[in-house]
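J.: Attaching a single structure in structure tokens format; questions to follow.
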Amino acid sequence: MIAPLTISAPLHRAGTALRRIGDQRTPLSIRGSLLLILFLSPIYGLAMGASDPTGERAWYMVYSALKMPLMIDCSAALCLPGFFTITTVLGLRDAWRDSIRAIALSQAAMAATLASLAPVTLFIYANGVSHRAALLTNGGMFLLAAALAQVTLWRHYRPLLNQSRRHWITLAYWLVAYIFVGIQTGWMLRPFIGTPGAAPTFFRDEPFSNAYVVVWNLVFGG
Amino acid sequence: MSQAPAEARRAGVFVALDDLLRDRLTTPQHVREGRTPLRIFLPWALVLGGLHGLFIGCYALFNGTTGATTHMLAVMAKLPALFLFTLLVTFPSLYVFNALLGYGLRFRATLRLLVATIVVNLALASSLGPILAFFTVSTKSYTFIVLLNVAILGIGGLASIAFLLRTMIRAQNAEQPLDATPDPTATAAPAAATETPRRALPLLFVWIITYSLVGTQMGWLLRPFIGHPGQPITIFREREGSFVEAIWNATAGQATPNNLRR
């Protein structure tokens, strides 16, 4: 009798927190959003690293679970000082808390979406897909989660945009800077899935490189 | 006993920077009466410039260049110097333009306003510094880092121009009722408000042109900042004419008849 109650209480709280992500009247707090990111994003990390959970390669599940909150939070932490200064310079500091909450909620929405898609990813892996298909599957999941995060961001940022048009500048900064930094963070934190046959490592066994320079060289040669 | 006033002073310095960024120290009264204290904002320009210099110097450090630490320290000194020496060189002309174009700011008020603008520029640039440092950890490409630096300083520059324009317009709006003949009809007010930016814009335009031209040459003189991986690290490079000459030689100067025929 005690065990189901012990489990159901946190689950009930998690369910309430999830519903409050999309609630405009009583949205989840910044702290609550961060806790959701911290607990939900590793769930997708576990699934993402499970493309071949045999032997040593099972470590990818642990590595990816650790890397997921790192990727979301490190990118945000790097962009925050600039966001704070731009908000201040534009005279929008009074709305700073609301704008940060909107951003935190959008990231919580991304983490929640990814966590909810973890069974789908595992199901696709279970069909014995190739490494390339696994990469595409995860790309698709991230795209879907990012789209839902944008919807959440837009929903919570809209009242601010109605207050002042200068919020468009802070929003534009956040989107550009976060995507710019996020892509590089993801690139540096790879491998998430792991090349077949290669021994699992937390970081790639090579010096860090720049994702944008690599893509440029691939497209234009260099 | 003396700890509390010292702490209060320290907190006051941070509050002053925060107030400046929030436009609280550039009200028309502050600008006209020159109440934006130089003794607080000049050190802030040095600190924030030094901080951004630290982030720029990371590229040489993470690429293992010989003498990278010295280079980093040099850039920490050179970056605030770039902004403040440019102001030193251009300030007389900037003040005269202000007087001739009828803006009428006093000498010290002009200086305080321009130093405050530099602080805003450097505060924004240094707040974007963590992004720059993050990319320098993983990037060997000199071109990428140059472009990122240009983008970051460009954002800082745009924000500081917006700050300057806003301050000038506010100061003129406050001055308007004193200059204009009192008009009891409410319809005259919007006309005056739309006219005000037109008075501030020519001065701002001339200031930007003068400051950026001298600033570009100052930057050329004080280079290297990032430190080209193919060239030995030096505090200053040899003087090689002006920035404009270098650009001309690298582009149109190459277009000799022989080159064009090839």
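Ligands are numbered from 1 in the order shown, residues from 1 within each chain, and chains are lettered A, B, ... in the order they appear in the structure tokens.
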Please return, as a VMD selection string, all residues of chain A lying within 12 Å of chain B when only C-alpha atoms are considered.

T.: chain A and resid 74 to 94 166 169 to 170 173 to 174 177 to 185 187 to 189 206 to 214 216 to 217 222

J.: Write out, as an mmCIF file, in the first residue's frame, the residues just selected, with C-alpha atoms.

T.:
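To be explicit, this is the file written out as part.cif:
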data_model
loop_
_atom_site.group_PDB
_atom_site.id
_atom_site.type_symbol
_atom_site.label_atom_id
_atom_site.label_comp_id
_atom_site.auth_asym_id
_atom_site.auth_seq_id
_atom_site.Cartn_x
_atom_site.Cartn_y
_atom_site.Cartn_z
ATOM 1 C CA CYS A 74 25.491 25.097 -20.846
ATOM 2 C CA SER A 75 24.222 26.722 -24.057
ATOM 3 C CA ALA A 76 21.751 28.782 -22.036
ATOM 4 C CA ALA A 77 24.367 29.750 -19.440
ATOM 5 C CA LEU A 78 26.704 31.036 -22.157
ATOM 6 C CA CYS A 79 23.986 33.173 -23.751
ATOM 7 C CA LEU A 80 22.551 34.557 -20.499
ATOM 8 C CA PRO A 81 25.098 37.345 -19.746
ATOM 9 C CA GLY A 82 24.511 38.880 -23.182
ATOM 10 C CA PHE A 83 20.749 38.487 -22.820
ATOM 11 C CA PHE A 84 20.857 40.202 -19.435
ATOM 12 C CA THR A 85 22.878 43.151 -20.736
ATOM 13 C CA ILE A 86 20.748 43.593 -23.865
ATOM 14 C CA THR A 87 17.572 43.467 -21.751
ATOM 15 C CA THR A 88 19.042 46.086 -19.403
ATOM 16 C CA VAL A 89 20.294 48.386 -22.152
ATOM 17 C CA LEU A 90 16.898 48.258 -23.854
ATOM 18 C CA GLY A 91 15.259 49.354 -20.591
ATOM 19 C CA LEU A 92 13.401 46.063 -20.119
ATOM 20 C CA ARG A 93 14.906 44.945 -16.823
ATOM 21 C CA ASP A 94 11.515 45.079 -15.090
ATOM 22 C CA ARG A 166 11.727 46.172 -27.905
ATOM 23 C CA ILE A 169 15.112 42.430 -30.108
ATOM 24 C CA THR A 170 15.735 40.389 -26.946
ATOM 25 C CA TYR A 173 19.017 37.788 -29.736
ATOM 26 C CA TRP A 174 18.042 34.754 -27.687
ATOM 27 C CA ALA A 177 22.589 33.193 -29.900
ATOM 28 C CA TYR A 178 21.042 30.028 -28.424
ATOM 29 C CA ILE A 179 20.888 28.199 -31.742
ATOM 30 C CA PHE A 180 24.408 29.404 -32.670
ATOM 31 C CA VAL A 181 25.904 28.259 -29.345
ATOM 32 C CA GLY A 182 23.648 25.190 -28.994
ATOM 33 C CA ILE A 183 24.799 23.695 -32.301
ATOM 34 C CA GLN A 184 28.437 24.066 -31.258
ATOM 35 C CA THR A 185 27.757 22.655 -27.762
ATOM 36 C CA TRP A 187 29.022 19.233 -31.695
ATOM 37 C CA MET A 188 31.547 19.368 -28.864
ATOM 38 C CA LEU A 189 29.615 16.969 -26.644
ATOM 39 C CA GLU A 206 40.215 14.060 -31.165
ATOM 40 C CA PRO A 207 40.779 17.774 -30.487
ATOM 41 C CA PHE A 208 37.667 19.949 -30.282
ATOM 42 C CA SER A 209 36.629 21.427 -33.615
ATOM 43 C CA ASN A 210 34.204 24.061 -34.828
ATOM 44 C CA ALA A 211 30.943 22.758 -36.311
ATOM 45 C CA TYR A 212 30.523 25.762 -38.611
ATOM 46 C CA VAL A 213 34.057 25.553 -40.006
ATOM 47 C CA VAL A 214 33.621 21.813 -40.605
ATOM 48 C CA TRP A 216 31.916 25.259 -44.490
ATOM 49 C CA ASN A 217 34.850 23.043 -45.459
ATOM 50 C CA GLY A 222 39.073 23.927 -47.495
#

J.: Quick one: residues within 10 Å of Ala108 of chain A, only C-alpha atoms, excluding same-chain residues fewer than 4 positions away - as an MDAnalysis selection string?

T.: chainID A and resid 17:18 21 28 30 32:41 72 102:104 112:114 149 152

J.: Just to be explicit: take each residue in the selection above, keep N, CA, C and O atoms, and write the result as an mmCIF file, in the first residue's frame.

T.:
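Generated output (selection-v9.cif):
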data_model
loop_
_atom_site.group_PDB
_atom_site.id
_atom_site.type_symbol
_atom_site.label_atom_id
_atom_site.label_comp_id
_atom_site.auth_asym_id
_atom_site.auth_seq_id
_atom_site.Cartn_x
_atom_site.Cartn_y
_atom_site.Cartn_z
ATOM 1 N N ALA A 17 3.325 19.841 -12.855
ATOM 2 C CA ALA A 17 4.380 20.721 -13.375
ATOM 3 C C ALA A 17 4.332 20.759 -14.900
ATOM 4 O O ALA A 17 4.454 21.833 -15.505
ATOM 5 N N LEU A 18 4.130 19.594 -15.518
ATOM 6 C CA LEU A 18 4.082 19.527 -16.983
ATOM 7 C C LEU A 18 2.913 20.359 -17.534
ATOM 8 O O LEU A 18 3.066 21.075 -18.524
ATOM 9 N N ILE A 21 3.544 24.053 -17.693
ATOM 10 C CA ILE A 21 4.454 24.586 -18.727
ATOM 11 C C ILE A 21 3.654 25.395 -19.741
ATOM 12 O O ILE A 21 4.066 26.466 -20.184
ATOM 13 N N LEU A 28 4.726 27.579 -14.626
ATOM 14 C CA LEU A 28 5.704 26.959 -13.738
ATOM 15 C C LEU A 28 6.813 27.973 -13.425
ATOM 16 O O LEU A 28 7.163 28.804 -14.272
ATOM 17 N N ILE A 30 10.716 29.387 -12.523
ATOM 18 C CA ILE A 30 12.010 29.149 -13.177
ATOM 19 C C ILE A 30 12.676 27.921 -12.542
ATOM 20 O O ILE A 30 13.215 27.060 -13.240
ATOM 21 N N GLY A 32 11.257 25.431 -11.004
ATOM 22 C CA GLY A 32 10.534 24.227 -11.403
ATOM 23 C C GLY A 32 10.918 23.798 -12.811
ATOM 24 O O GLY A 32 11.111 22.611 -13.079
ATOM 25 N N SER A 33 11.075 24.792 -13.703
ATOM 26 C CA SER A 33 11.466 24.481 -15.091
ATOM 27 C C SER A 33 12.853 23.855 -15.123
ATOM 28 O O SER A 33 13.084 22.874 -15.841
ATOM 29 N N LEU A 34 13.764 24.422 -14.329
ATOM 30 C CA LEU A 34 15.131 23.885 -14.314
ATOM 31 C C LEU A 34 15.152 22.460 -13.770
ATOM 32 O O LEU A 34 15.877 21.602 -14.288
ATOM 33 N N LEU A 35 14.340 22.216 -12.749
ATOM 34 C CA LEU A 35 14.270 20.857 -12.193
ATOM 35 C C LEU A 35 13.721 19.879 -13.223
ATOM 36 O O LEU A 35 14.218 18.753 -13.355
ATOM 37 N N LEU A 36 12.718 20.333 -13.979
ATOM 38 C CA LEU A 36 12.156 19.463 -15.028
ATOM 39 C C LEU A 36 13.220 19.131 -16.075
ATOM 40 O O LEU A 36 13.326 17.981 -16.509
ATOM 41 N N ILE A 37 13.986 20.156 -16.465
ATOM 42 C CA ILE A 37 15.050 19.921 -17.468
ATOM 43 C C ILE A 37 16.041 18.893 -16.927
ATOM 44 O O ILE A 37 16.448 17.966 -17.615
ATOM 45 N N LEU A 38 16.401 19.098 -15.664
ATOM 46 C CA LEU A 38 17.401 18.236 -15.023
ATOM 47 C C LEU A 38 16.934 16.781 -14.941
ATOM 48 O O LEU A 38 17.715 15.853 -15.093
ATOM 49 N N PHE A 39 15.641 16.572 -14.703
ATOM 50 C CA PHE A 39 15.132 15.209 -14.536
ATOM 51 C C PHE A 39 14.639 14.580 -15.841
ATOM 52 O O PHE A 39 14.745 13.378 -16.031
ATOM 53 N N LEU A 40 14.089 15.405 -16.739
ATOM 54 C CA LEU A 40 13.481 14.831 -17.943
ATOM 55 C C LEU A 40 14.480 14.626 -19.091
ATOM 56 O O LEU A 40 14.369 13.645 -19.819
ATOM 57 N N SER A 41 15.427 15.577 -19.243
ATOM 58 C CA SER A 41 16.314 15.447 -20.410
ATOM 59 C C SER A 41 17.190 14.185 -20.355
ATOM 60 O O SER A 41 17.435 13.582 -21.401
ATOM 61 N N ILE A 72 21.687 21.411 -22.877
ATOM 62 C CA ILE A 72 20.620 22.420 -22.776
ATOM 63 C C ILE A 72 21.057 23.575 -21.866
ATOM 64 O O ILE A 72 20.923 24.753 -22.214
ATOM 65 N N ALA A 102 9.952 32.621 -19.464
ATOM 66 C CA ALA A 102 9.480 32.152 -20.777
ATOM 67 C C ALA A 102 10.530 31.249 -21.425
ATOM 68 O O ALA A 102 10.196 30.192 -21.991
ATOM 69 N N ILE A 103 11.805 31.662 -21.311
ATOM 70 C CA ILE A 103 12.892 30.868 -21.906
ATOM 71 C C ILE A 103 13.029 29.529 -21.180
ATOM 72 O O ILE A 103 13.132 28.471 -21.815
ATOM 73 N N ALA A 104 13.015 29.576 -19.836
ATOM 74 C CA ALA A 104 13.149 28.341 -19.047
ATOM 75 C C ALA A 104 11.988 27.393 -19.353
ATOM 76 O O ALA A 104 12.186 26.175 -19.479
ATOM 77 N N ALA A 112 10.682 17.937 -21.895
ATOM 78 C CA ALA A 112 9.504 17.093 -21.690
ATOM 79 C C ALA A 112 9.118 16.381 -22.984
ATOM 80 O O ALA A 112 8.794 15.189 -22.971
ATOM 81 N N THR A 113 9.163 17.122 -24.093
ATOM 82 C CA THR A 113 8.819 16.504 -25.385
ATOM 83 C C THR A 113 9.786 15.372 -25.710
ATOM 84 O O THR A 113 9.372 14.278 -26.108
ATOM 85 N N LEU A 114 11.085 15.663 -25.508
ATOM 86 C CA LEU A 114 12.088 14.633 -25.810
ATOM 87 C C LEU A 114 11.869 13.403 -24.930
ATOM 88 O O LEU A 114 11.932 12.273 -25.419
ATOM 89 N N ALA A 149 9.037 23.584 -28.346
ATOM 90 C CA ALA A 149 9.668 24.575 -27.453
ATOM 91 C C ALA A 149 9.402 25.992 -27.968
ATOM 92 O O ALA A 149 9.148 26.911 -27.184
ATOM 93 N N THR A 152 5.917 27.045 -27.116
ATOM 94 C CA THR A 152 5.847 27.433 -25.691
ATOM 95 C C THR A 152 6.482 28.799 -25.481
ATOM 96 O O THR A 152 5.923 29.647 -24.765
#

J.: Closest to Gln150 of chain A among A:Asp52, A:Gly15, A:Leu218, A:Ala109, using only C-alpha atoms?

T.: A:Ala109

J.: Which is closest to Ala77 of chain B among B:Gly50, B:Leu38, B:Phe243, B:Pro92, if we use only C-alpha atoms?

T.: B:Gly50

J.: Closest to Arg39 of chain B among B:Thr90, B:Val115, B:Pro80, B:Phe55, using only C-alpha atoms?

T.: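 So, comparing all the options, the nearest one is B:Val115.
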
J.: Counting only C-alpha atoms, which of B:Ile145, B:Ala74, B:Val244, B:Val31 gets nearest to Arg108 of chain B?

T.: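 With only C-alpha atoms as the atom set, the closest residue is B:Val31.
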
J.: Between A:Glu56, A:Asp205, A:Asp73, A:Asp98, which residue has the minimum interatomic distance to Gln163 of chain A, considering only C-alpha atoms?

T.: A:Asp98

J.: Could you check which of B:Leu164, B:Val75, B:Leu122, B:Ala174 is closest to Val47 of chain B, using only C-alpha atoms?

T.: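 With only C-alpha atoms as the atom set, the closest residue is B:Leu122.
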
J.: Step one, run DSSP on the backbone; step two, keep only residues of segment 46-81 of chain A assigned to helix (DSSP H, G or I); then write them as an mmCIF file with C-alpha atoms, in the first residue's frame.

T.:
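Just written: selection-v6.cif:
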data_model
loop_
_atom_site.group_PDB
_atom_site.id
_atom_site.type_symbol
_atom_site.label_atom_id
_atom_site.label_comp_id
_atom_site.auth_asym_id
_atom_site.auth_seq_id
_atom_site.Cartn_x
_atom_site.Cartn_y
_atom_site.Cartn_z
ATOM 1 C CA LEU A 46 19.222 7.167 -21.999
ATOM 2 C CA ALA A 47 17.087 6.302 -25.009
ATOM 3 C CA MET A 48 19.350 8.063 -27.492
ATOM 4 C CA GLY A 55 28.591 -4.819 -23.844
ATOM 5 C CA GLU A 56 30.657 -1.655 -23.502
ATOM 6 C CA ARG A 57 28.361 0.297 -25.809
ATOM 7 C CA ALA A 58 25.765 0.400 -23.035
ATOM 8 C CA TRP A 59 27.922 3.194 -21.604
ATOM 9 C CA TYR A 60 26.531 5.475 -24.324
ATOM 10 C CA MET A 61 23.222 5.441 -22.478
ATOM 11 C CA VAL A 62 24.901 6.832 -19.352
ATOM 12 C CA TYR A 63 27.047 9.298 -21.295
ATOM 13 C CA SER A 64 24.123 10.664 -23.307
ATOM 14 C CA ALA A 65 21.960 10.888 -20.184
ATOM 15 C CA LEU A 66 24.646 13.041 -18.573
ATOM 16 C CA LYS A 67 25.222 15.118 -21.694
ATOM 17 C CA MET A 68 21.610 16.069 -22.391
ATOM 18 C CA PRO A 69 21.080 18.475 -19.457
ATOM 19 C CA LEU A 70 24.644 19.716 -20.021
ATOM 20 C CA MET A 71 23.845 20.579 -23.629
ATOM 21 C CA ILE A 72 20.620 22.420 -22.776
ATOM 22 C CA ASP A 73 21.922 24.265 -19.708
ATOM 23 C CA CYS A 74 25.491 25.097 -20.846
ATOM 24 C CA SER A 75 24.222 26.722 -24.057
ATOM 25 C CA ALA A 76 21.751 28.782 -22.036
ATOM 26 C CA ALA A 77 24.367 29.750 -19.440
ATOM 27 C CA LEU A 78 26.704 31.036 -22.157
ATOM 28 C CA CYS A 79 23.986 33.173 -23.751
ATOM 29 C CA LEU A 80 22.551 34.557 -20.499
ATOM 30 C CA PRO A 81 25.098 37.345 -19.746
#
